[in-house]
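Structure file data15.tsv (TSV, C-alpha atoms) follows.
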```
chain	number	residue	atom	x	y	z
A	1	MET	CA	-39.71	41.79	8.43
A	2	ASN	CA	-39.79	42.84	4.78
A	3	ALA	CA	-42.88	42.15	2.68
A	4	VAL	CA	-44.62	43.15	-0.52
A	5	ARG	CA	-48.32	43.93	-0.90
A	6	LEU	CA	-49.78	42.87	-4.24
A	7	THR	CA	-53.10	44.23	-5.47
A	8	PRO	CA	-55.14	43.16	-8.51
A	9	PRO	CA	-54.78	44.84	-11.91
A	10	THR	CA	-57.15	47.68	-12.75
A	11	GLY	CA	-56.98	47.32	-16.54
A	12	PRO	CA	-56.36	44.80	-19.32
A	13	VAL	CA	-53.75	42.12	-18.59
A	14	ARG	CA	-51.33	42.35	-21.49
A	15	ALA	CA	-47.55	42.22	-21.16
A	16	THR	CA	-44.35	40.88	-22.66
A	17	ILE	CA	-42.15	39.19	-20.06
A	18	PRO	CA	-38.36	38.78	-20.57
A	19	LEU	CA	-38.04	35.60	-18.53
A	20	ALA	CA	-35.01	34.63	-16.48
A	21	SER	CA	-32.67	32.08	-18.05
A	22	SER	CA	-32.88	28.43	-17.03
A	23	LYS	CA	-31.05	27.73	-13.80
A	24	SER	CA	-31.10	24.00	-14.55
A	25	GLU	CA	-29.48	24.34	-17.97
A	26	SER	CA	-27.01	26.93	-16.72
A	27	ASN	CA	-25.77	24.84	-13.81
A	28	ARG	CA	-25.18	21.77	-15.99
A	29	ALA	CA	-23.43	23.79	-18.67
A	30	LEU	CA	-21.14	25.35	-16.05
A	31	ILE	CA	-19.97	21.94	-14.76
A	32	ILE	CA	-19.32	20.68	-18.30
A	33	ASP	CA	-17.48	23.92	-19.12
A	34	ALA	CA	-15.32	23.50	-16.00
A	35	LEU	CA	-14.47	19.95	-17.09
A	36	THR	CA	-13.19	21.34	-20.42
A	37	GLY	CA	-10.92	23.73	-18.56
A	38	PHE	CA	-13.38	26.63	-18.93
A	39	GLN	CA	-13.07	26.74	-22.72
A	40	CYS	CA	-16.77	26.95	-23.68
A	41	ASP	CA	-18.60	30.11	-24.71
A	42	LEU	CA	-21.72	30.01	-22.53
A	43	GLN	CA	-24.37	32.57	-23.45
A	44	ASN	CA	-27.42	33.81	-21.52
A	45	LEU	CA	-26.37	32.25	-18.21
A	46	SER	CA	-28.91	32.57	-15.43
A	47	THR	CA	-28.64	35.49	-13.02
A	48	ALA	CA	-30.25	33.33	-10.30
A	49	ARG	CA	-28.36	33.27	-7.01
A	50	ASP	CA	-27.85	29.48	-7.27
A	51	THR	CA	-26.09	29.86	-10.63
A	52	GLN	CA	-24.09	32.89	-9.56
A	53	THR	CA	-22.99	30.93	-6.48
A	54	MET	CA	-21.78	28.11	-8.70
A	55	ILE	CA	-19.86	30.52	-10.94
A	56	ARG	CA	-18.21	32.08	-7.89
A	57	LEU	CA	-17.22	28.75	-6.34
A	58	LEU	CA	-15.89	27.31	-9.61
A	59	LYS	CA	-13.53	30.29	-9.83
A	60	SER	CA	-12.53	30.26	-6.16
A	61	ASP	CA	-9.37	28.76	-4.66
A	62	ASP	CA	-10.79	28.93	-1.14
A	63	ALA	CA	-10.67	25.74	0.92
A	64	VAL	CA	-14.33	26.15	1.91
A	65	ALA	CA	-17.11	26.07	-0.67
A	66	ASP	CA	-20.24	27.57	0.90
A	67	VAL	CA	-23.16	26.89	-1.46
A	68	LEU	CA	-25.62	28.84	0.73
A	69	ASP	CA	-29.05	27.26	0.06
A	70	ALA	CA	-28.31	25.93	-3.46
A	71	GLY	CA	-29.02	22.19	-3.52
A	72	THR	CA	-28.03	21.68	-7.15
A	73	THR	CA	-24.78	23.56	-6.55
A	74	MET	CA	-23.99	21.40	-3.51
A	75	ARG	CA	-24.53	18.13	-5.38
A	76	PHE	CA	-22.89	19.07	-8.67
A	77	LEU	CA	-19.83	20.67	-7.06
A	78	THR	CA	-19.35	17.78	-4.62
A	79	ALA	CA	-19.00	15.46	-7.62
A	80	TYR	CA	-16.91	17.95	-9.61
A	81	PHE	CA	-14.44	18.78	-6.83
A	82	ALA	CA	-14.10	15.08	-5.99
A	83	ALA	CA	-13.51	13.93	-9.57
A	84	THR	CA	-10.96	16.67	-10.20
A	85	GLY	CA	-9.00	15.75	-7.07
A	86	GLN	CA	-9.56	19.01	-5.23
A	87	LYS	CA	-9.56	19.40	-1.46
A	88	LYS	CA	-12.65	21.27	-0.35
A	89	ILE	CA	-15.01	21.61	2.58
A	90	MET	CA	-18.58	21.63	1.26
A	91	THR	CA	-21.08	23.47	3.44
A	92	GLY	CA	-24.16	25.71	3.27
A	93	THR	CA	-27.01	27.20	5.25
A	94	PRO	CA	-28.43	25.35	8.28
A	95	ARG	CA	-31.27	24.04	6.07
A	96	MET	CA	-28.77	22.86	3.45
A	97	CYS	CA	-26.97	20.91	6.15
A	98	GLU	CA	-30.27	19.14	6.90
A	99	ARG	CA	-30.64	17.95	3.30
A	100	PRO	CA	-29.25	14.44	2.72
A	101	ILE	CA	-26.29	13.78	0.44
A	102	GLY	CA	-25.25	10.29	1.59
A	103	ILE	CA	-26.34	8.45	-1.58
A	104	LEU	CA	-24.15	10.68	-3.75
A	105	VAL	CA	-21.19	10.50	-1.36
A	106	ASP	CA	-21.38	6.68	-1.20
A	107	ALA	CA	-21.35	6.53	-5.01
A	108	LEU	CA	-18.38	8.89	-5.25
A	109	ARG	CA	-16.47	6.86	-2.66
A	110	THR	CA	-17.05	3.72	-4.74
A	111	LEU	CA	-15.54	5.53	-7.73
A	112	GLY	CA	-12.46	6.54	-5.70
A	113	ALA	CA	-13.29	9.74	-3.85
A	114	ASP	CA	-11.97	10.35	-0.34
A	115	ILE	CA	-14.83	12.13	1.46
A	116	THR	CA	-15.50	12.44	5.18
A	117	TYR	CA	-18.42	13.98	7.05
A	118	LEU	CA	-17.56	16.77	9.45
A	119	LYS	CA	-20.71	16.52	11.59
A	120	LYS	CA	-23.71	14.27	10.93
A	121	GLU	CA	-23.21	11.14	8.84
A	122	GLY	CA	-24.93	11.49	5.47
A	123	TYR	CA	-25.27	15.29	5.57
A	124	PRO	CA	-23.13	18.38	4.91
A	125	PRO	CA	-20.74	19.77	5.90
A	126	LEU	CA	-18.26	17.35	4.38
A	127	GLN	CA	-14.56	17.27	3.54
A	128	ILE	CA	-13.34	16.22	0.08
A	129	ASN	CA	-9.75	15.01	0.35
A	130	GLY	CA	-8.89	13.91	-3.18
A	131	PHE	CA	-9.58	11.19	-5.74
A	132	SER	CA	-7.86	7.91	-6.69
A	133	PRO	CA	-9.84	6.30	-9.54
A	134	ALA	CA	-11.12	2.84	-8.67
A	135	GLU	CA	-11.17	-0.04	-11.16
A	136	ASN	CA	-14.91	-0.41	-10.64
A	137	ASN	CA	-16.86	1.67	-13.14
A	138	ARG	CA	-20.33	0.25	-12.47
A	139	LEU	CA	-22.72	1.65	-9.86
A	140	GLN	CA	-26.25	1.12	-8.68
A	141	ILE	CA	-28.15	4.13	-7.37
A	142	ARG	CA	-31.76	4.74	-6.37
A	143	GLY	CA	-33.71	6.65	-8.96
A	144	ASP	CA	-36.41	7.98	-6.65
A	145	VAL	CA	-34.47	10.23	-4.26
A	146	SER	CA	-32.90	13.03	-6.33
A	147	SER	CA	-32.20	13.20	-10.05
A	148	GLN	CA	-29.41	15.65	-9.14
A	149	TYR	CA	-27.35	12.80	-7.69
A	150	ILE	CA	-27.63	10.99	-11.01
A	151	SER	CA	-26.83	14.10	-13.07
A	152	ALA	CA	-23.84	14.87	-10.84
A	153	LEU	CA	-22.39	11.40	-11.42
A	154	VAL	CA	-22.93	11.15	-15.15
A	155	MET	CA	-21.49	14.61	-15.81
A	156	ILE	CA	-18.13	13.65	-14.29
A	157	ALA	CA	-18.17	10.21	-15.99
A	158	PRO	CA	-16.36	11.26	-19.21
A	159	THR	CA	-13.32	12.17	-17.06
A	160	LEU	CA	-13.11	8.73	-15.40
A	161	PRO	CA	-10.51	6.30	-16.83
A	162	ASN	CA	-13.15	3.68	-17.64
A	163	GLY	CA	-16.21	5.89	-17.90
A	164	LEU	CA	-19.29	4.84	-15.93
A	165	THR	CA	-22.21	2.43	-16.14
A	166	LEU	CA	-25.00	3.59	-13.86
A	167	GLU	CA	-27.94	1.33	-13.04
A	168	LEU	CA	-30.97	3.12	-11.61
A	169	THR	CA	-33.05	1.07	-9.21
A	170	GLY	CA	-36.71	1.50	-8.31
A	171	ALA	CA	-38.91	4.28	-9.63
A	172	ILE	CA	-37.19	7.18	-11.40
A	173	GLY	CA	-38.12	10.69	-10.34
A	174	SER	CA	-37.61	13.84	-12.42
A	175	ARG	CA	-36.46	11.81	-15.43
A	176	PRO	CA	-36.67	14.86	-17.77
A	177	TYR	CA	-33.91	16.49	-15.71
A	178	ILE	CA	-31.69	13.42	-16.23
A	179	GLU	CA	-32.50	13.52	-19.94
A	180	MET	CA	-31.61	17.22	-20.00
A	181	THR	CA	-28.21	16.36	-18.53
A	182	LEU	CA	-27.60	13.60	-21.06
A	183	GLU	CA	-28.65	15.86	-23.98
A	184	GLN	CA	-26.24	18.58	-22.88
A	185	MET	CA	-23.44	16.06	-22.38
A	186	THR	CA	-24.04	14.68	-25.88
A	187	TYR	CA	-23.99	18.20	-27.34
A	188	PHE	CA	-20.55	18.71	-25.81
A	189	GLY	CA	-19.23	15.48	-27.35
A	190	ALA	CA	-19.68	12.94	-24.54
A	191	ASP	CA	-20.27	9.27	-25.42
A	192	VAL	CA	-23.64	8.67	-23.72
A	193	GLN	CA	-26.10	5.78	-24.05
A	194	ALA	CA	-29.35	5.51	-22.08
A	195	ASP	CA	-31.31	2.24	-22.04
A	196	TRP	CA	-34.54	3.28	-20.32
A	197	ALA	CA	-36.02	-0.19	-20.70
A	198	LYS	CA	-33.33	-1.45	-18.32
A	199	ASN	CA	-32.73	1.90	-16.58
A	200	ILE	CA	-29.03	1.81	-17.37
A	201	ILE	CA	-26.95	4.84	-18.40
A	202	THR	CA	-23.53	4.20	-19.94
A	203	VAL	CA	-20.95	6.95	-20.38
A	204	GLY	CA	-17.66	6.28	-22.16
A	205	PRO	CA	-14.29	7.79	-21.18
A	206	LYS	CA	-14.39	10.40	-23.95
A	207	PRO	CA	-13.54	14.01	-23.00
A	208	TYR	CA	-15.94	16.87	-23.56
A	209	ILE	CA	-15.38	19.10	-26.60
A	210	PRO	CA	-15.55	22.86	-25.89
A	211	LYS	CA	-18.38	24.50	-27.85
A	212	PRO	CA	-20.59	27.59	-27.62
A	213	TYR	CA	-23.94	27.05	-25.91
A	214	ALA	CA	-26.96	29.35	-25.43
A	215	ILE	CA	-29.20	28.84	-22.39
A	216	GLU	CA	-32.99	28.75	-22.90
A	217	SER	CA	-35.36	30.79	-20.73
A	218	ASP	CA	-36.63	29.09	-17.57
A	219	TRP	CA	-39.84	27.05	-17.81
A	220	SER	CA	-40.07	26.96	-14.01
A	221	GLY	CA	-40.17	30.76	-14.07
A	222	ALA	CA	-42.73	30.65	-16.88
A	223	SER	CA	-45.09	28.61	-14.70
A	224	TYR	CA	-45.92	31.62	-12.49
A	225	TRP	CA	-47.05	33.55	-15.56
A	226	TYR	CA	-49.27	30.69	-16.60
A	227	SER	CA	-50.86	30.99	-13.17
A	228	VAL	CA	-51.24	34.77	-13.67
A	229	ALA	CA	-53.04	34.13	-16.96
A	230	ALA	CA	-55.24	31.43	-15.43
A	231	LEU	CA	-56.32	33.64	-12.52
A	232	ALA	CA	-56.87	36.84	-14.54
A	233	ASP	CA	-60.54	37.87	-14.73
A	234	ASP	CA	-59.96	39.65	-18.04
A	235	GLN	CA	-60.88	37.23	-20.83
A	236	THR	CA	-58.75	39.24	-23.27
A	237	THR	CA	-55.62	38.50	-21.20
A	238	GLU	CA	-52.53	38.08	-23.37
A	239	LEU	CA	-49.02	37.45	-22.05
A	240	GLU	CA	-45.97	36.74	-24.17
A	241	LEU	CA	-43.08	34.95	-22.48
A	242	LEU	CA	-39.79	35.44	-24.30
A	243	GLY	CA	-37.06	32.90	-24.96
A	244	LEU	CA	-39.00	29.64	-24.63
A	245	LYS	CA	-38.91	26.76	-27.11
A	246	ALA	CA	-41.69	24.33	-28.06
A	247	LYS	CA	-39.18	21.45	-27.95
A	248	SER	CA	-37.46	22.09	-24.64
A	249	LEU	CA	-34.99	20.04	-22.62
A	250	GLN	CA	-36.70	21.26	-19.45
A	251	GLY	CA	-39.18	18.96	-17.72
A	252	ASP	CA	-41.14	21.93	-16.41
A	253	SER	CA	-42.33	22.63	-19.97
A	254	ALA	CA	-45.10	20.22	-18.88
A	255	ILE	CA	-46.79	23.39	-17.59
A	256	VAL	CA	-48.17	23.85	-21.13
A	257	ASP	CA	-50.35	20.74	-20.79
A	258	ILE	CA	-51.15	21.21	-17.11
A	259	MET	CA	-52.35	24.77	-17.51
A	260	ARG	CA	-54.46	24.00	-20.57
A	261	ALA	CA	-56.67	22.10	-18.11
A	262	LEU	CA	-56.72	25.20	-15.86
A	263	GLY	CA	-57.72	27.55	-18.66
A	264	VAL	CA	-54.56	28.74	-20.43
A	265	GLU	CA	-53.80	28.16	-24.12
A	266	SER	CA	-50.19	28.31	-25.40
A	267	THR	CA	-49.21	29.50	-28.89
A	268	PHE	CA	-45.51	29.35	-29.75
A	269	THR	CA	-43.99	32.23	-31.70
A	270	ASP	CA	-40.53	33.00	-33.09
A	271	SER	CA	-39.70	34.81	-29.84
A	272	GLY	CA	-41.36	32.58	-27.23
A	273	VAL	CA	-44.89	31.58	-26.25
A	274	LYS	CA	-48.12	33.57	-26.11
A	275	LEU	CA	-50.65	32.83	-23.35
A	276	THR	CA	-54.38	33.39	-23.79
A	277	LYS	CA	-57.50	32.25	-21.95
A	278	CYS	CA	-59.46	29.08	-22.78
A	279	ALA	CA	-62.18	27.05	-21.05
A	280	PRO	CA	-60.82	25.10	-18.03
A	281	GLU	CA	-61.62	21.53	-17.05
A	282	SER	CA	-63.85	20.86	-14.04
A	283	SER	CA	-61.13	18.88	-12.23
A	284	LEU	CA	-57.52	17.80	-12.71
A	285	GLU	CA	-55.26	14.94	-11.63
A	286	TRP	CA	-51.53	15.16	-12.34
A	287	ASP	CA	-48.44	13.09	-11.56
A	288	PHE	CA	-45.64	15.54	-10.69
A	289	THR	CA	-42.89	12.89	-10.53
A	290	ASN	CA	-41.12	14.44	-13.51
A	291	CYS	CA	-41.84	18.08	-12.65
A	292	PRO	CA	-42.04	18.48	-8.84
A	293	ASP	CA	-41.10	22.17	-8.96
A	294	LEU	CA	-44.45	22.92	-10.61
A	295	ALA	CA	-46.54	21.42	-7.82
A	296	GLN	CA	-46.80	24.50	-5.60
A	297	THR	CA	-47.77	26.80	-8.47
A	298	VAL	CA	-50.41	24.43	-9.82
A	299	ALA	CA	-51.80	23.72	-6.35
A	300	VAL	CA	-52.30	27.41	-5.59
A	301	CYS	CA	-53.77	28.13	-9.02
A	302	ALA	CA	-56.25	25.23	-8.84
A	303	ALA	CA	-57.26	26.26	-5.32
A	304	MET	CA	-58.00	29.84	-6.38
A	305	LYS	CA	-59.99	28.67	-9.40
A	306	GLY	CA	-62.00	26.23	-7.28
A	307	ILE	CA	-60.89	23.31	-9.46
A	308	PRO	CA	-60.30	20.12	-7.41
A	309	LEU	CA	-56.73	18.90	-8.02
A	310	ILE	CA	-55.28	15.50	-7.15
A	311	LEU	CA	-51.47	15.49	-6.95
A	312	THR	CA	-49.20	12.45	-7.01
A	313	GLY	CA	-45.42	12.21	-7.30
A	314	ILE	CA	-44.71	15.02	-4.81
A	315	GLU	CA	-42.89	13.04	-2.11
A	316	SER	CA	-39.60	14.83	-2.88
A	317	LEU	CA	-41.14	18.17	-1.86
A	318	LYS	CA	-40.53	17.27	1.78
A	319	ILE	CA	-36.74	17.60	1.39
A	320	LYS	CA	-36.56	20.80	-0.66
A	321	GLU	CA	-35.73	24.30	0.63
A	322	THR	CA	-38.47	23.64	3.17
A	323	ASP	CA	-41.01	20.86	3.63
A	324	ARG	CA	-43.12	22.20	0.80
A	325	ILE	CA	-46.07	19.93	1.51
A	326	ALA	CA	-46.35	21.18	5.10
A	327	ALA	CA	-45.82	24.78	3.95
A	328	LEU	CA	-48.58	24.49	1.35
A	329	GLN	CA	-50.93	22.97	3.88
A	330	THR	CA	-50.42	25.94	6.20
A	331	GLU	CA	-50.51	28.75	3.63
A	332	LEU	CA	-53.39	27.49	1.48
A	333	GLN	CA	-55.61	27.75	4.56
A	334	LYS	CA	-55.09	31.52	4.42
A	335	VAL	CA	-56.70	31.75	0.97
A	336	GLY	CA	-59.62	29.47	1.75
A	337	ALA	CA	-58.23	26.17	0.50
A	338	GLU	CA	-56.63	23.00	1.81
A	339	LEU	CA	-54.13	20.34	0.79
A	340	VAL	CA	-55.18	16.98	2.20
A	341	GLU	CA	-53.22	13.72	2.15
A	342	ILE	CA	-55.62	11.05	0.88
A	343	GLU	CA	-53.09	8.23	0.53
A	344	THR	CA	-49.99	8.20	2.75
A	345	ASN	CA	-47.00	9.74	0.98
A	346	ALA	CA	-48.68	9.15	-2.37
A	347	ARG	CA	-51.86	11.11	-3.16
A	348	TYR	CA	-53.01	14.56	-2.14
A	349	ILE	CA	-56.01	16.70	-3.02
A	350	VAL	CA	-56.29	20.48	-3.18
A	351	ARG	CA	-59.78	21.87	-2.74
A	352	GLN	CA	-61.38	25.19	-1.98
A	353	PHE	CA	-63.52	25.50	1.15
A	354	SER	CA	-64.41	29.21	1.03
A	355	ILE	CA	-64.82	31.83	-1.68
A	356	GLY	CA	-63.49	35.34	-1.28
A	357	PRO	CA	-61.13	36.67	1.41
A	358	GLU	CA	-62.24	37.79	4.84
A	359	SER	CA	-59.03	39.83	5.09
A	360	THR	CA	-55.75	40.26	3.24
A	361	ALA	CA	-53.80	37.02	3.48
A	362	THR	CA	-50.17	37.28	4.58
A	363	ILE	CA	-48.14	34.41	3.14
A	364	ALA	CA	-45.00	33.11	4.86
A	365	THR	CA	-42.27	31.97	2.47
A	366	TYR	CA	-40.12	29.64	4.63
A	367	ASP	CA	-36.85	30.73	2.93
A	368	ASP	CA	-38.30	29.13	-0.21
A	369	HIS	CA	-38.36	31.06	-3.49
A	370	ARG	CA	-41.12	28.90	-4.94
A	371	MET	CA	-43.49	29.60	-2.05
A	372	ALA	CA	-43.25	33.33	-2.76
A	373	MET	CA	-43.72	33.02	-6.50
A	374	ALA	CA	-46.42	30.34	-6.37
A	375	PHE	CA	-48.65	32.54	-4.20
A	376	ALA	CA	-47.97	35.85	-5.97
A	377	PRO	CA	-50.55	35.21	-8.77
A	378	VAL	CA	-53.29	35.07	-6.10
A	379	ALA	CA	-53.13	38.87	-6.39
A	380	MET	CA	-54.86	38.64	-9.76
A	381	GLN	CA	-58.02	38.06	-7.72
A	382	GLN	CA	-57.43	39.55	-4.26
A	383	GLU	CA	-54.93	41.63	-2.33
A	384	ILE	CA	-52.19	39.55	-0.77
A	385	VAL	CA	-49.01	40.17	1.23
A	386	ILE	CA	-45.88	38.06	0.65
A	387	GLU	CA	-43.30	38.00	3.43
A	388	GLU	CA	-39.54	38.02	2.80
A	389	PRO	CA	-39.89	38.67	-0.95
A	390	GLY	CA	-36.12	38.64	-1.43
A	391	VAL	CA	-36.16	34.83	-1.49
A	392	VAL	CA	-36.94	34.98	-5.23
A	393	ALA	CA	-33.28	35.87	-5.89
A	394	LYS	CA	-32.49	32.18	-5.66
A	395	SER	CA	-33.95	31.52	-9.12
A	396	TYR	CA	-35.69	34.63	-10.55
A	397	PRO	CA	-34.14	37.89	-9.28
A	398	SER	CA	-36.29	40.15	-11.49
A	399	PHE	CA	-39.58	38.49	-10.49
A	400	TRP	CA	-41.14	41.42	-8.62
A	401	ASP	CA	-40.13	43.90	-11.32
A	402	ASP	CA	-41.77	41.66	-13.88
A	403	MET	CA	-44.90	41.22	-11.75
A	404	ALA	CA	-45.23	44.99	-11.60
A	405	ARG	CA	-45.98	44.89	-15.33
A	406	VAL	CA	-49.43	43.41	-14.59
A	407	LEU	CA	-50.37	44.36	-11.01
A	408	THR	CA	-49.42	46.74	-8.22
A	409	VAL	CA	-46.36	45.75	-6.15
A	410	GLU	CA	-45.78	47.80	-2.99
A	411	THR	CA	-43.03	47.26	-0.42
A	412	VAL	CA	-44.29	47.25	3.18
A	413	ALA	CA	-42.47	47.08	6.50
```
Take the structure I supplied and represent it as structure tokens, if you would.
Amino acid sequence: MNAVRLTPPTGPVRATIPLASSKSESNRALIIDALTGFQCDLQNLSTARDTQTMIRLLKSDDAVADVLDAGTTMRFLTAYFAATGQKKIMTGTPRMCERPIGILVDALRTLGADITYLKKEGYPPLQINGFSPAENNRLQIRGDVSSQYISALVMIAPTLPNGLTLELTGAIGSRPYIEMTLEQMTYFGADVQADWAKNIITVGPKPYIPKPYAIESDWSGASYWYSVAALADDQTTELELLGLKAKSLQGDSAIVDIMRALGVESTFTDSGVKLTKCAPESSLEWDFTNCPDLAQTVAVCAAMKGIPLILTGIESLKIKETDRIAALQTELQKVGAELVEIETNARYIVRQFSIGPESTATIATYDDHRMAMAFAPVAMQQEIVIEEPGVVAKSYPSFWDDMARVLTVETVA
């Protein structure tokens, strides 16, 4: 088994980090570009494996589209291949084939897609057999399962003969990601109206206009550096993260406000954002409904700082690359903390139960990039070993090289 050993810094914590590009923005831009016939000039596309997988599959004529472990790629390409009348088998890793897709498939069938499941009903692998546009252009879809289903549907809507009116029912999760999609669609000329009072999105049958588009750096990737700054003992810590904007389309930019409570101040510059230390709050409660990908990072950081954290809005973590709630509960124990469910499927608390390590903790990553990166900043305070470090390639391939700018990273067998 491969692993990396991380040991705390021996000097001042000061570095400039050239962050990875946003996977979320890149993947949306790639679908829109494909729907223009690949006529857009997309700049600064993410090097993340998920995005590179999408690029490869968009260019491929193969009958089988294997998305590996890329959930966004699975959902977006299922809608894209269906709407463009292509015949494809959609499949992925064993874990990907355990992640539900039935809500999206049902919606696409209503719009005219011919899709059949090849094994278990409601899950990949599935066969897309073509598309005959239906007269119905109005759908209802749950808003609390995956914003990616909603984004997948609205992105193909400009190509439908009558456009699409999408009514979201129940609570809406990860709304900033839906808003990101709508903003990008509007930039590329789509006719988009969102009535959030009624939770209705209307997209007219107006084709996209090819335009150049530059991808922002990734706020999800930035979150690990906020944790590094929060956990650094050096009060003169100063990190500059390049390529971030104060007014971002990315929901994970909420890390600015979250980490202020955990002791990190953000100052935006012409080139990005500068992180410095500030006084933390004594406790924190946060609703992660709109930014679930931040939950692991914030949970680990709060645990290490001994700041009690109450988390809500993390139900979707159970159907990610792994059951992230269960994974956190197991791995936090190794660093003297716990994640406890205090209200069924609704409220959780992270709290520290011991201070200082008895031995070097070895963290399992569960084939989940965010488990590896969320726990890496623990090394600002104590030696730690992260198993299967290669999982970071899914979203942030240069992560370990960047971490080596502030602490010691050593490969171990």
12 Å contact set for Arg324 of chain A, all atoms listed in the file, chain neighbours under 4 positions out, as a ChimeraX atom specification: /A:292-297,299,314-320,328-332,339,364-372,374
Nearest residue to Thr181 of chain A out of A:Gln250, A:Thr237, A:Asn2, A:Thr322, using all atoms listed in the file?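 Of A:Gln250, A:Thr237, A:Asn2, A:Thr322, the one nearest Thr181 of chain A, counting all atoms listed in the file, is A:Gln250.
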Find the residue from A:Phe399, A:Tyr348, A:Tyr224, A:Phe268 that sits nearest to Val378 of chain A; use all atoms listed in the file when measuring.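 Closest to Val378 of chain A of all the choices is A:Tyr224.
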Mind running segment 77-105 of chain A against segment 30-45 of chain A at 10 Å and telling me each contacting residue's nearest atom pair with the distance in Å (one decimal), counting only C-alpha atoms, chain and number ascending, as a Markdown table?
```
| residue | atom | partner | partner_atom | distance |
| --- | --- | --- | --- | --- |
| A:Leu77 | CA | A:Ile31 | CA | 7.8 |
| A:Ala79 | CA | A:Ile31 | CA | 9.7 |
| A:Tyr80 | CA | A:Ile31 | CA | 7.2 |
| A:Ala83 | CA | A:Leu35 | CA | 9.7 |
| A:Thr84 | CA | A:Leu35 | CA | 8.4 |
```
Using Å and a single decimal, report how far atom CA of Pro100 of chain A sits from atom CA of Gly143 of chain A.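 Distance reported for this atom pair: 14.7 Å.
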Choose the residue, out of A:Ile128, A:Ile307, A:Ala113, A:Ala107, that has the smallest atom-to-atom separation from Val154 of chain A; count all atoms listed in the file.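 Using all atoms listed in the file, Val154 of chain A sits closest to A:Ala107.
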Spatial neighbours of segment 67-71 of chain A, 7 Å, all atoms listed in the file, chain gap at least 2 places, as an MDAnalysis selection string: chainID A and resid 50 53 65 73:75 91:93 96
To one decimal place, how far is atom CA of Ser21 of chain A from atom CA of Thr47 of chain A in Å?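 About the pair atom CA of Ser21 of chain A and atom CA of Thr47 of chain A: they are 7.3 Å apart.
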Go through A:Ser174, A:Glu410, A:Ile355, A:Leu164 and flag the residue nearest Val145 of chain A, using only C-alpha atoms for the distances.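 Result for the nearest residue to Val145 of chain A: A:Ser174.
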Pairwise distance for atom CA of Asp114 of chain A and atom CA of Gly130 of chain A, rounded to one decimal in Å: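 Computing the Euclidean distance for atom CA of Asp114 of chain A and atom CA of Gly130 of chain A yields 5.5 Å.
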Box dimensions and centre (Å, one decimal) enclosing segment 240-247 of chain A, axis-aligned, 5 Å extra per side, as JSON:
```
{"center_x": -41.5, "center_y": 29.1, "center_z": -25.3, "size_x": 18.9, "size_y": 25.3, "size_z": 15.6}
```
The residues within 9 Å of (-57.1, 37.9, -4.1), using all atoms listed in the file and the coordinates of the file, should be reported as a PyMOL selection string; which are they? chain A and resi 6-8+304+335+356-357+360-361+377-384
Rank nothing, just name the residue among A:Arg175, A:Arg5, A:Lys245, A:Arg347 nearest to Ile215 of chain A, using only C-alpha atoms.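 Closest residue, counting only C-alpha atoms: A:Lys245.
Using only C-alpha atoms for every distance, the candidate list A:Ile55, A:Ala404, A:Ala15, A:Met373 yields A:Met373 as the residue closest to Val392 of chain A.
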Report as a CSV table (one decimal) with C-alpha atoms, in the coordinates of the input all protein, DNA and RNA residues lying within 12 Å of Ile141 of chain A, evaluated on only C-alpha atoms, omitting residues in the same chain fewer than 5 positions from it.
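Output (selection.csv):
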```csv
chain,number,residue,atom,x,y,z
A,102,GLY,CA,-25.2,10.3,1.6
A,103,ILE,CA,-26.3,8.4,-1.6
A,104,LEU,CA,-24.2,10.7,-3.8
A,105,VAL,CA,-21.2,10.5,-1.4
A,106,ASP,CA,-21.4,6.7,-1.2
A,107,ALA,CA,-21.4,6.5,-5.0
A,108,LEU,CA,-18.4,8.9,-5.2
A,110,THR,CA,-17.0,3.7,-4.7
A,146,SER,CA,-32.9,13.0,-6.3
A,147,SER,CA,-32.2,13.2,-10.0
A,148,GLN,CA,-29.4,15.6,-9.1
A,149,TYR,CA,-27.4,12.8,-7.7
A,150,ILE,CA,-27.6,11.0,-11.0
A,151,SER,CA,-26.8,14.1,-13.1
A,153,LEU,CA,-22.4,11.4,-11.4
A,154,VAL,CA,-22.9,11.2,-15.2
A,165,THR,CA,-22.2,2.4,-16.1
A,166,LEU,CA,-25.0,3.6,-13.9
A,167,GLU,CA,-27.9,1.3,-13.0
A,168,LEU,CA,-31.0,3.1,-11.6
A,169,THR,CA,-33.0,1.1,-9.2
A,170,GLY,CA,-36.7,1.5,-8.3
A,171,ALA,CA,-38.9,4.3,-9.6
A,172,ILE,CA,-37.2,7.2,-11.4
A,199,ASN,CA,-32.7,1.9,-16.6
A,200,ILE,CA,-29.0,1.8,-17.4
A,201,ILE,CA,-27.0,4.8,-18.4
```
Give as a PDB file with C-alpha atoms, in the coordinates of the input the set of residues within 7 Å of the point (-46.1, 28.8, -23.3), where distances use the file's coordinates and all atoms listed in the file.
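Once everything was written out, this is point.pdb:
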```
ATOM      1  CA  LEU A 241     -43.080  34.950 -22.480  1.00  0.00           C
ATOM      2  CA  VAL A 256     -48.170  23.850 -21.130  1.00  0.00           C
ATOM      3  CA  SER A 266     -50.190  28.310 -25.400  1.00  0.00           C
ATOM      4  CA  THR A 267     -49.210  29.500 -28.890  1.00  0.00           C
ATOM      5  CA  PHE A 268     -45.510  29.350 -29.750  1.00  0.00           C
ATOM      6  CA  VAL A 273     -44.890  31.580 -26.250  1.00  0.00           C
ATOM      7  CA  LYS A 274     -48.120  33.570 -26.110  1.00  0.00           C
ATOM      8  CA  LEU A 275     -50.650  32.830 -23.350  1.00  0.00           C
TER       9      LEU A 275
END
```
Which residues are close to Pro18 of chain A, i.e. within 8 Å by all atoms listed in the file, leaving aside same-chain residues fewer than 2 positions away? Reply as a list in words.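 Within the cut-off, the hits are Thr16, Ala20, Leu241, Leu242 and Gly243 of chain A.
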